[in-house]
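Shown next: work-v1.cif, containing mmCIF, C-alpha atoms.
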```
data_my_file
#
loop_
_atom_site.label_atom_id
_atom_site.label_comp_id
_atom_site.auth_asym_id
_atom_site.auth_seq_id
_atom_site.Cartn_x
_atom_site.Cartn_y
_atom_site.Cartn_z
CA GLU A 1 0.00 0.00 0.00
CA LEU A 2 1.23 3.47 -0.86
CA LYS A 3 2.08 5.56 2.20
CA VAL A 4 2.02 9.31 1.85
CA GLU A 5 3.53 11.63 4.42
CA GLN A 6 3.20 15.38 4.50
CA ASN A 7 5.06 17.90 6.53
CA PRO A 8 4.56 20.09 8.26
CA LEU A 9 1.13 19.13 9.56
CA PHE A 10 0.48 22.68 10.71
CA LEU A 11 1.91 25.83 9.22
CA SER A 12 1.38 29.36 10.37
CA MET A 13 2.97 31.97 8.17
CA GLN A 14 2.88 35.69 7.76
CA GLU A 15 1.45 37.36 4.72
CA GLY A 16 4.07 38.03 2.10
CA LYS A 17 6.34 35.17 3.15
CA ASN A 18 7.33 32.09 1.16
CA TYR A 19 7.12 28.51 2.33
CA THR A 20 7.16 24.94 1.06
CA ILE A 21 5.02 21.94 1.97
CA TYR A 22 6.63 18.55 1.44
CA CYS A 23 5.00 15.32 0.38
CA ASN A 24 6.93 12.03 0.52
CA TYR A 25 5.54 8.76 -0.71
CA SER A 26 6.68 5.24 -0.12
CA THR A 27 6.47 3.42 -3.45
CA THR A 28 6.09 4.18 -7.12
CA SER A 29 3.12 6.41 -7.77
CA ASP A 30 1.57 6.82 -11.21
CA ARG A 31 0.54 10.40 -10.57
CA LEU A 32 0.69 12.90 -7.78
CA TYR A 33 -2.20 15.20 -6.91
CA TRP A 34 -2.55 18.28 -4.76
CA TYR A 35 -5.90 19.28 -3.29
CA ARG A 36 -7.13 22.14 -1.16
CA GLN A 37 -9.87 21.91 1.47
CA ASP A 38 -11.46 24.92 3.15
CA PRO A 39 -13.14 24.41 6.55
CA GLY A 40 -16.51 22.75 6.12
CA LYS A 41 -16.00 22.43 2.39
CA SER A 42 -15.01 19.66 0.05
CA LEU A 43 -11.70 19.03 -1.67
CA GLU A 44 -10.75 21.19 -4.64
CA SER A 45 -8.24 19.92 -7.17
CA LEU A 46 -5.16 22.11 -7.56
CA PHE A 47 -2.58 20.17 -9.57
CA VAL A 48 -1.92 16.83 -11.23
CA LEU A 49 1.73 15.92 -11.74
CA LEU A 50 2.32 13.16 -14.21
CA SER A 51 6.05 12.68 -14.63
CA ASN A 52 9.45 13.25 -13.12
CA GLY A 53 10.46 16.89 -13.17
CA ALA A 54 6.89 18.09 -13.72
CA VAL A 55 6.27 21.61 -12.47
CA LYS A 56 2.92 23.37 -12.46
CA GLN A 57 2.05 26.84 -11.28
CA GLU A 58 -1.22 28.58 -10.56
CA GLY A 59 -1.07 32.01 -9.01
CA ARG A 60 1.01 31.92 -5.83
CA LEU A 61 1.19 28.12 -5.75
CA MET A 62 3.75 25.99 -7.55
CA ALA A 63 3.93 22.21 -7.39
CA SER A 64 6.79 19.98 -8.46
CA LEU A 65 7.50 16.28 -8.63
CA ASP A 66 10.72 14.30 -8.22
CA THR A 67 9.86 10.65 -8.78
CA LYS A 68 13.38 9.46 -8.01
CA ALA A 69 13.26 11.00 -4.57
CA ARG A 70 9.55 10.13 -4.26
CA LEU A 71 8.97 13.73 -3.28
CA SER A 72 6.54 16.41 -4.30
CA THR A 73 6.57 19.98 -3.05
CA LEU A 74 3.97 22.72 -2.95
CA HIS A 75 5.64 26.10 -2.82
CA ILE A 76 3.76 29.15 -1.64
CA THR A 77 5.00 32.54 -2.81
CA ALA A 78 4.12 35.77 -1.01
CA ALA A 79 1.30 34.21 0.99
CA VAL A 80 -2.05 35.96 1.31
CA HIS A 81 -4.88 35.28 3.75
CA ASP A 82 -7.02 33.63 1.04
CA LEU A 83 -4.54 30.77 0.90
CA SER A 84 -5.46 29.66 4.42
CA ALA A 85 -6.79 26.10 4.05
CA THR A 86 -5.74 22.48 4.45
CA TYR A 87 -3.62 21.14 1.60
CA PHE A 88 -3.51 17.45 0.76
CA CYS A 89 -1.24 15.52 -1.54
CA ALA A 90 -2.24 12.13 -2.89
CA GLY A 91 -0.44 9.43 -4.81
CA GLU A 92 -2.08 6.97 -7.14
CA THR A 93 -1.33 3.31 -7.71
CA GLY A 94 -3.35 2.53 -10.78
CA ALA A 95 -7.02 1.56 -10.93
CA ASN A 96 -7.97 5.01 -9.64
CA ASN A 97 -6.72 4.28 -6.11
CA LEU A 98 -5.70 7.49 -4.39
CA PHE A 99 -3.76 7.45 -1.13
CA PHE A 100 -3.86 10.73 0.72
CA GLY A 101 -1.49 12.35 3.15
CA THR A 102 -2.84 13.64 6.46
CA GLY A 103 -2.89 17.19 5.18
CA THR A 104 -1.11 20.43 6.04
CA ARG A 105 -3.25 23.03 7.74
CA LEU A 106 -2.01 26.41 6.57
CA THR A 107 -2.90 29.63 8.37
CA VAL A 108 -1.75 32.91 6.87
CA ILE A 109 -1.67 35.71 9.40
CA PRO A 110 -1.53 39.44 8.64
CA GLU B 1 -26.93 21.36 -10.42
CA THR B 2 -23.31 21.22 -11.38
CA GLY B 3 -20.37 19.13 -10.28
CA VAL B 4 -20.85 16.47 -7.63
CA THR B 5 -23.74 16.72 -5.19
CA GLN B 6 -24.38 14.73 -2.03
CA THR B 7 -27.43 14.33 0.17
CA PRO B 8 -28.03 14.62 2.99
CA ARG B 9 -25.34 17.04 4.11
CA HIS B 10 -25.76 16.04 7.75
CA LEU B 11 -27.08 12.80 9.23
CA VAL B 12 -27.50 11.63 12.80
CA MET B 13 -28.44 8.02 13.29
CA GLY B 14 -28.65 5.41 16.00
CA MET B 15 -26.71 2.17 15.83
CA THR B 16 -29.80 0.19 14.88
CA ASN B 17 -30.95 2.50 12.08
CA LYS B 18 -30.69 1.96 8.35
CA LYS B 19 -29.97 4.95 6.18
CA SER B 20 -28.53 5.73 2.76
CA LEU B 21 -26.22 8.41 1.46
CA LYS B 22 -26.71 9.62 -2.09
CA CYS B 23 -24.22 11.03 -4.56
CA GLU B 24 -24.88 12.38 -8.04
CA GLN B 25 -22.35 13.63 -10.55
CA HIS B 26 -23.24 15.97 -13.39
CA LEU B 27 -19.85 15.87 -15.12
CA GLY B 28 -20.33 12.96 -17.48
CA HIS B 29 -17.64 10.95 -15.68
CA ASN B 30 -17.36 7.18 -15.77
CA ALA B 31 -15.91 6.44 -12.34
CA MET B 32 -17.24 7.19 -8.84
CA TYR B 33 -15.78 6.79 -5.38
CA TRP B 34 -16.65 6.79 -1.69
CA TYR B 35 -14.13 8.13 0.83
CA LYS B 36 -14.20 8.39 4.61
CA GLN B 37 -12.59 11.41 6.28
CA SER B 38 -12.08 11.05 10.03
CA ALA B 39 -10.44 13.52 12.33
CA LYS B 40 -6.66 13.22 12.42
CA LYS B 41 -6.58 10.45 9.79
CA PRO B 42 -5.90 10.58 6.06
CA LEU B 43 -8.77 10.26 3.67
CA GLU B 44 -9.56 6.59 3.24
CA LEU B 45 -10.77 5.22 -0.06
CA MET B 46 -13.71 2.89 0.59
CA PHE B 47 -15.15 1.91 -2.78
CA VAL B 48 -14.42 2.50 -6.44
CA TYR B 49 -16.90 2.05 -9.26
CA ASN B 50 -15.46 2.09 -12.76
CA PHE B 51 -18.04 2.06 -15.55
CA LYS B 52 -20.66 1.08 -12.93
CA GLU B 53 -18.71 -1.96 -11.80
CA GLN B 54 -17.13 -2.13 -8.40
CA THR B 55 -13.40 -2.46 -8.81
CA GLU B 56 -12.18 -1.84 -5.29
CA ASN B 57 -13.40 -2.61 -1.82
CA ASN B 58 -10.67 -1.68 0.60
CA SER B 59 -11.55 -4.00 3.45
CA VAL B 60 -14.62 -2.02 4.35
CA PRO B 61 -16.94 -3.62 6.92
CA SER B 62 -20.11 -5.13 5.53
CA ARG B 63 -22.24 -2.64 7.44
CA PHE B 64 -21.37 -0.30 4.54
CA SER B 65 -22.96 -1.39 1.27
CA PRO B 66 -22.44 0.58 -1.96
CA GLU B 67 -24.75 0.67 -4.93
CA CYS B 68 -24.11 2.22 -8.32
CA PRO B 69 -27.25 1.94 -10.50
CA ASN B 70 -25.75 4.03 -13.31
CA SER B 71 -22.66 6.11 -14.01
CA SER B 72 -24.22 9.26 -12.54
CA HIS B 73 -25.49 7.94 -9.22
CA LEU B 74 -23.83 6.31 -6.26
CA PHE B 75 -25.34 5.26 -2.96
CA LEU B 76 -23.86 4.16 0.33
CA HIS B 77 -26.28 2.08 2.38
CA LEU B 78 -25.64 2.08 6.10
CA HIS B 79 -26.87 -0.35 8.73
CA THR B 80 -25.91 -1.28 12.26
CA LEU B 81 -23.18 1.33 12.38
CA GLN B 82 -20.82 1.94 15.28
CA PRO B 83 -19.93 5.28 16.91
CA GLU B 84 -16.46 5.06 15.36
CA ASP B 85 -18.09 5.24 11.95
CA SER B 86 -18.90 8.89 12.62
CA ALA B 87 -17.02 10.86 9.98
CA LEU B 88 -17.34 12.95 6.86
CA TYR B 89 -18.19 10.76 3.89
CA LEU B 90 -17.06 12.17 0.58
CA CYS B 91 -18.12 11.11 -2.87
CA ALA B 92 -15.95 11.80 -5.91
CA SER B 93 -16.08 11.19 -9.63
CA SER B 94 -13.56 11.18 -12.44
CA GLN B 95 -13.17 10.45 -16.12
CA VAL B 96 -10.75 7.58 -16.39
CA GLY B 97 -7.88 8.76 -18.57
CA PRO B 98 -4.42 10.37 -18.59
CA THR B 99 -5.01 12.85 -15.78
CA ASP B 100 -7.97 11.23 -14.08
CA THR B 101 -8.50 14.04 -11.57
CA GLN B 102 -11.16 13.22 -9.02
CA TYR B 103 -13.80 15.85 -8.31
CA PHE B 104 -15.28 15.76 -4.84
CA GLY B 105 -18.75 16.44 -3.51
CA PRO B 106 -19.37 18.51 -0.36
CA GLY B 107 -19.68 15.44 1.83
CA THR B 108 -22.16 14.06 4.34
CA ARG B 109 -21.31 14.63 8.00
CA LEU B 110 -22.43 11.43 9.73
CA THR B 111 -22.85 11.08 13.47
CA VAL B 112 -23.64 7.68 14.95
CA LEU B 113 -25.06 7.75 18.45
#
```
Could you spell out this file's structure in structure tokens?
Amino acid sequence: ELKVEQNPLFLSMQEGKNYTIYCNYSTTSDRLYWYRQDPGKSLESLFVLLSNGAVKQEGRLMASLDTKARLSTLHITAAVHDLSATYFCAGETGANNLFFGTGTRLTVIP
Amino acid sequence: ETGVTQTPRHLVMGMTNKKSLKCEQHLGHNAMYWYKQSAKKPLELMFVYNFKEQTENNSVPSRFSPECPNSSHLFLHLHTLQPEDSALYLCASSQVGPTDTQYFGPGTRLTVL
């Protein structure tokens, strides 16, 4: 079974600062996903990373994938309050099976 | 309605009750999923339906019974639940293919007394 570990679990950062969330996974994963979840809301898809070296950016968020290191990162640039949420990464082992990390709860403070 | 919808949004039931959760996707996808989200635990995949056929059952207790009558609807039938089954139950759908991103519904918050 694919194990996915995220760190940190909790992150409090000031507006305007940069930070990175790390996602390690235990075995080969076909794809790597990043999701966002606001309190009381469902999961919203952010990125799908398909191959080694893949990098995707949307606004202040940038995700990358290193399949050799079994590591994905979600980099936050110049954080703003609207980015406060819980971020999940998930690996996939074929047949649509997603294995999620425990999530990183991000709080951006003024 | 757009996206993935779930009803009810909140459900409180006793251990002897029988209830059902409903999920409907309006995205034309061909795969649907049930997940359980408990406090302080990762999301757990419960069931996968691919083209209306169940392809995964990740050791879920038999008190949870899925039903997928067509590619747009998915049910989770509940009976004789335990308090530890209290959780947020999320439905998702996807179009099986190269990116296969799963789109999630808002969830049903279940409390078992």
>> I need the residue nearest Gln57 in chain A from this list: A:Thr28, A:Ser84, A:Thr77, A:Asn97. Use all atoms listed in the file for the distance.
In response: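 When distances to Gln57 in chain A are compared using all atoms listed in the file, the smallest one comes from A:Thr77.
For the set B:Asn30, B:Ser72, B:Thr7, B:Thr16, the residue with the smallest atom-to-atom gap to Leu90 in chain B is B:Thr7, counting all atoms listed in the file.
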> If you apply the PyMOL selection byres ((chain B) within 12 of (chain A)) to this file, what residues do you get, as an MDAnalysis selection string?
Replying inline: chainID B and resid 3:6 9:10 30:51 54:58 88:109
Selected residues, C-alpha atoms, written as a CSV table (one decimal), in the frame of the given file, please.
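Writing the result to selection-v2.csv gives the following:
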```csv
chain,number,residue,atom,x,y,z
B,3,GLY,CA,-20.4,19.1,-10.3
B,4,VAL,CA,-20.8,16.5,-7.6
B,5,THR,CA,-23.7,16.7,-5.2
B,6,GLN,CA,-24.4,14.7,-2.0
B,9,ARG,CA,-25.3,17.0,4.1
B,10,HIS,CA,-25.8,16.0,7.8
B,30,ASN,CA,-17.4,7.2,-15.8
B,31,ALA,CA,-15.9,6.4,-12.3
B,32,MET,CA,-17.2,7.2,-8.8
B,33,TYR,CA,-15.8,6.8,-5.4
B,34,TRP,CA,-16.6,6.8,-1.7
B,35,TYR,CA,-14.1,8.1,0.8
B,36,LYS,CA,-14.2,8.4,4.6
B,37,GLN,CA,-12.6,11.4,6.3
B,38,SER,CA,-12.1,11.0,10.0
B,39,ALA,CA,-10.4,13.5,12.3
B,40,LYS,CA,-6.7,13.2,12.4
B,41,LYS,CA,-6.6,10.4,9.8
B,42,PRO,CA,-5.9,10.6,6.1
B,43,LEU,CA,-8.8,10.3,3.7
B,44,GLU,CA,-9.6,6.6,3.2
B,45,LEU,CA,-10.8,5.2,-0.1
B,46,MET,CA,-13.7,2.9,0.6
B,47,PHE,CA,-15.2,1.9,-2.8
B,48,VAL,CA,-14.4,2.5,-6.4
B,49,TYR,CA,-16.9,2.0,-9.3
B,50,ASN,CA,-15.5,2.1,-12.8
B,51,PHE,CA,-18.0,2.1,-15.6
B,54,GLN,CA,-17.1,-2.1,-8.4
B,55,THR,CA,-13.4,-2.5,-8.8
B,56,GLU,CA,-12.2,-1.8,-5.3
B,57,ASN,CA,-13.4,-2.6,-1.8
B,58,ASN,CA,-10.7,-1.7,0.6
B,88,LEU,CA,-17.3,13.0,6.9
B,89,TYR,CA,-18.2,10.8,3.9
B,90,LEU,CA,-17.1,12.2,0.6
B,91,CYS,CA,-18.1,11.1,-2.9
B,92,ALA,CA,-16.0,11.8,-5.9
B,93,SER,CA,-16.1,11.2,-9.6
B,94,SER,CA,-13.6,11.2,-12.4
B,95,GLN,CA,-13.2,10.4,-16.1
B,96,VAL,CA,-10.8,7.6,-16.4
B,97,GLY,CA,-7.9,8.8,-18.6
B,98,PRO,CA,-4.4,10.4,-18.6
B,99,THR,CA,-5.0,12.8,-15.8
B,100,ASP,CA,-8.0,11.2,-14.1
B,101,THR,CA,-8.5,14.0,-11.6
B,102,GLN,CA,-11.2,13.2,-9.0
B,103,TYR,CA,-13.8,15.8,-8.3
B,104,PHE,CA,-15.3,15.8,-4.8
B,105,GLY,CA,-18.8,16.4,-3.5
B,106,PRO,CA,-19.4,18.5,-0.4
B,107,GLY,CA,-19.7,15.4,1.8
B,108,THR,CA,-22.2,14.1,4.3
B,109,ARG,CA,-21.3,14.6,8.0
```
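Of note, CA of Gln25 in chain B and CA of Leu81 in chain B are spaced 26.0 Å apart.
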>> Please return as a VMD selection string every residue within 6 Å of (-21.8, 11.2, -17.0), taking into account only C-alpha atoms and the file's own coordinates.
In response: chain B and resid 27 to 29 71 to 72
> Which residues, written as a ChimeraX atom specification, have at least one atom at most 8 Å from Leu74 in chain A, with all atoms listed in the file counted and residues fewer than 4 positions away on the same chain left out?
Replying inline: /A:20-22,61-64
Keeping only C-alpha atoms, write the selected residues as a short mmCIF file (atom, residue, chain, number, x, y, z; two decimals), in the coordinates of the input.
```cif
data_model
loop_
_atom_site.label_atom_id
_atom_site.label_comp_id
_atom_site.auth_asym_id
_atom_site.auth_seq_id
_atom_site.Cartn_x
_atom_site.Cartn_y
_atom_site.Cartn_z
CA THR A 20 7.16 24.94 1.06
CA ILE A 21 5.02 21.94 1.97
CA TYR A 22 6.63 18.55 1.44
CA LEU A 61 1.19 28.12 -5.75
CA MET A 62 3.75 25.99 -7.55
CA ALA A 63 3.93 22.21 -7.39
CA SER A 64 6.79 19.98 -8.46
#
```
> Could you write out as a PyMOL selection string the residues that the PyMOL selection byres ((chain B and resi 20) around 8) matches in the shown file?
Replying inline: chain B and resi 18-19+21-22+75-78
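The interatomic distance for the pair CA of Tyr25 in chain A and CA of Glu58 in chain A works out to 23.1 Å.
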>> Can you translate the PyMOL selection byres ((chain A and resi 65) around 8) into the concrete residues it hits in this file, as a list in words?
In response: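 That expression, the PyMOL selection byres ((chain A and resi 65) around 8), corresponds here to Leu32, Leu49, Ser51, Asn52, Gly53, Ala54, Val55, Ala63, Ser64, Asp66, Thr67, Arg70, Leu71, Ser72 and Thr73 of chain A.
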Any idea what's packed within 10 Å of Arg60 in chain A, counting only C-alpha atoms, ignoring anything in its chain fewer than 3 positions away? Could you give it as a PDB file with C-alpha atoms, keeping the file's coordinate frame?
```pdb
ATOM      1  CA  ASN A  18       7.330  32.090   1.160  1.00  0.00           C
ATOM      2  CA  GLN A  57       2.050  26.840 -11.280  1.00  0.00           C
ATOM      3  CA  HIS A  75       5.640  26.100  -2.820  1.00  0.00           C
ATOM      4  CA  ILE A  76       3.760  29.150  -1.640  1.00  0.00           C
ATOM      5  CA  THR A  77       5.000  32.540  -2.810  1.00  0.00           C
ATOM      6  CA  ALA A  78       4.120  35.770  -1.010  1.00  0.00           C
ATOM      7  CA  ALA A  79       1.300  34.210   0.990  1.00  0.00           C
ATOM      8  CA  VAL A  80      -2.050  35.960   1.310  1.00  0.00           C
ATOM      9  CA  LEU A  83      -4.540  30.770   0.900  1.00  0.00           C
TER      10      LEU A  83
END
```
>> Residues within 7 Å of Val12 in chain B, please, as an NGL selection string. Count all atoms listed in the file; anything in the same chain fewer than 4 positions from it doesn't count.
In response: :B and (110-112)
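Atom pair CA of Phe10 in chain A / CA of Ala85 in chain A: separated by 10.4 Å.
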Missing atoms of range 41-77 of chain B rebuilt to N, CA and C atoms, written as a short mmCIF file (atom, residue, chain, number, x, y, z; two decimals), in the frame of the given file:
```cif
data_model
loop_
_atom_site.label_atom_id
_atom_site.label_comp_id
_atom_site.auth_asym_id
_atom_site.auth_seq_id
_atom_site.Cartn_x
_atom_site.Cartn_y
_atom_site.Cartn_z
N LYS B 41 -6.96 11.59 10.64
CA LYS B 41 -6.58 10.45 9.79
C LYS B 41 -6.65 10.87 8.34
N PRO B 42 -5.80 10.26 7.49
CA PRO B 42 -5.90 10.58 6.06
C PRO B 42 -7.23 10.13 5.48
N LEU B 43 -7.59 10.74 4.39
CA LEU B 43 -8.77 10.26 3.67
C LEU B 43 -8.59 8.80 3.31
N GLU B 44 -9.63 8.02 3.52
CA GLU B 44 -9.56 6.59 3.24
C GLU B 44 -10.50 6.26 2.09
N LEU B 45 -9.94 5.67 1.05
CA LEU B 45 -10.77 5.22 -0.06
C LEU B 45 -11.55 3.99 0.38
N MET B 46 -12.87 4.01 0.19
CA MET B 46 -13.71 2.89 0.59
C MET B 46 -14.07 2.02 -0.61
N PHE B 47 -14.66 2.66 -1.61
CA PHE B 47 -15.15 1.91 -2.78
C PHE B 47 -14.85 2.68 -4.05
N VAL B 48 -14.60 1.93 -5.12
CA VAL B 48 -14.42 2.50 -6.44
C VAL B 48 -15.38 1.81 -7.40
N TYR B 49 -16.09 2.58 -8.18
CA TYR B 49 -16.90 2.05 -9.26
C TYR B 49 -16.38 2.63 -10.56
N ASN B 50 -16.00 1.72 -11.46
CA ASN B 50 -15.46 2.09 -12.76
C ASN B 50 -16.43 1.57 -13.81
N PHE B 51 -17.03 2.46 -14.59
CA PHE B 51 -18.04 2.06 -15.55
C PHE B 51 -19.14 1.21 -14.87
N LYS B 52 -19.57 1.67 -13.73
CA LYS B 52 -20.66 1.08 -12.93
C LYS B 52 -20.30 -0.25 -12.27
N GLU B 53 -19.08 -0.70 -12.44
CA GLU B 53 -18.71 -1.96 -11.80
C GLU B 53 -17.73 -1.69 -10.66
N GLN B 54 -18.01 -2.36 -9.55
CA GLN B 54 -17.13 -2.13 -8.40
C GLN B 54 -15.77 -2.76 -8.67
N THR B 55 -14.74 -1.95 -8.55
CA THR B 55 -13.40 -2.46 -8.81
C THR B 55 -12.55 -2.53 -7.55
N GLU B 56 -12.95 -1.81 -6.52
CA GLU B 56 -12.18 -1.84 -5.29
C GLU B 56 -13.11 -1.86 -4.09
N ASN B 57 -12.71 -2.59 -3.11
CA ASN B 57 -13.40 -2.61 -1.82
C ASN B 57 -12.30 -2.75 -0.78
N ASN B 58 -11.87 -1.64 -0.24
CA ASN B 58 -10.67 -1.68 0.60
C ASN B 58 -10.97 -2.13 2.01
N SER B 59 -11.35 -3.40 2.13
CA SER B 59 -11.55 -4.00 3.45
C SER B 59 -12.54 -3.22 4.28
N VAL B 60 -13.60 -2.79 3.64
CA VAL B 60 -14.62 -2.02 4.35
C VAL B 60 -15.60 -2.98 5.00
N PRO B 61 -15.98 -2.73 6.25
CA PRO B 61 -16.94 -3.62 6.92
C PRO B 61 -18.25 -3.72 6.15
N SER B 62 -18.89 -4.87 6.29
CA SER B 62 -20.11 -5.13 5.53
C SER B 62 -21.29 -4.27 5.95
N ARG B 63 -21.16 -3.55 7.04
CA ARG B 63 -22.24 -2.64 7.44
C ARG B 63 -22.33 -1.44 6.49
N PHE B 64 -21.34 -1.30 5.62
CA PHE B 64 -21.37 -0.30 4.54
C PHE B 64 -21.60 -1.07 3.23
N SER B 65 -22.63 -0.68 2.50
CA SER B 65 -22.96 -1.39 1.27
C SER B 65 -23.16 -0.39 0.14
N PRO B 66 -22.29 -0.39 -0.87
CA PRO B 66 -22.44 0.58 -1.96
C PRO B 66 -23.38 0.06 -3.03
N GLU B 67 -23.92 1.01 -3.78
CA GLU B 67 -24.75 0.67 -4.93
C GLU B 67 -24.54 1.73 -6.00
N CYS B 68 -24.33 1.29 -7.22
CA CYS B 68 -24.11 2.22 -8.32
C CYS B 68 -25.04 1.83 -9.47
N PRO B 69 -26.27 2.35 -9.49
CA PRO B 69 -27.25 1.94 -10.50
C PRO B 69 -26.91 2.42 -11.90
N ASN B 70 -26.19 3.53 -12.00
CA ASN B 70 -25.75 4.03 -13.31
C ASN B 70 -24.51 4.91 -13.08
N SER B 71 -23.94 5.40 -14.14
CA SER B 71 -22.66 6.11 -14.01
C SER B 71 -22.80 7.48 -13.37
N SER B 72 -24.03 7.94 -13.14
CA SER B 72 -24.22 9.26 -12.54
C SER B 72 -24.60 9.20 -11.07
N HIS B 73 -24.98 8.04 -10.59
CA HIS B 73 -25.49 7.94 -9.22
C HIS B 73 -24.75 6.89 -8.42
N LEU B 74 -24.52 7.22 -7.17
CA LEU B 74 -23.83 6.31 -6.26
C LEU B 74 -24.48 6.43 -4.90
N PHE B 75 -24.74 5.27 -4.29
CA PHE B 75 -25.34 5.26 -2.96
C PHE B 75 -24.41 4.53 -1.99
N LEU B 76 -24.53 4.91 -0.72
CA LEU B 76 -23.86 4.16 0.33
C LEU B 76 -24.92 3.82 1.37
N HIS B 77 -25.26 2.53 1.44
CA HIS B 77 -26.28 2.08 2.38
C HIS B 77 -25.61 1.73 3.71
#
```
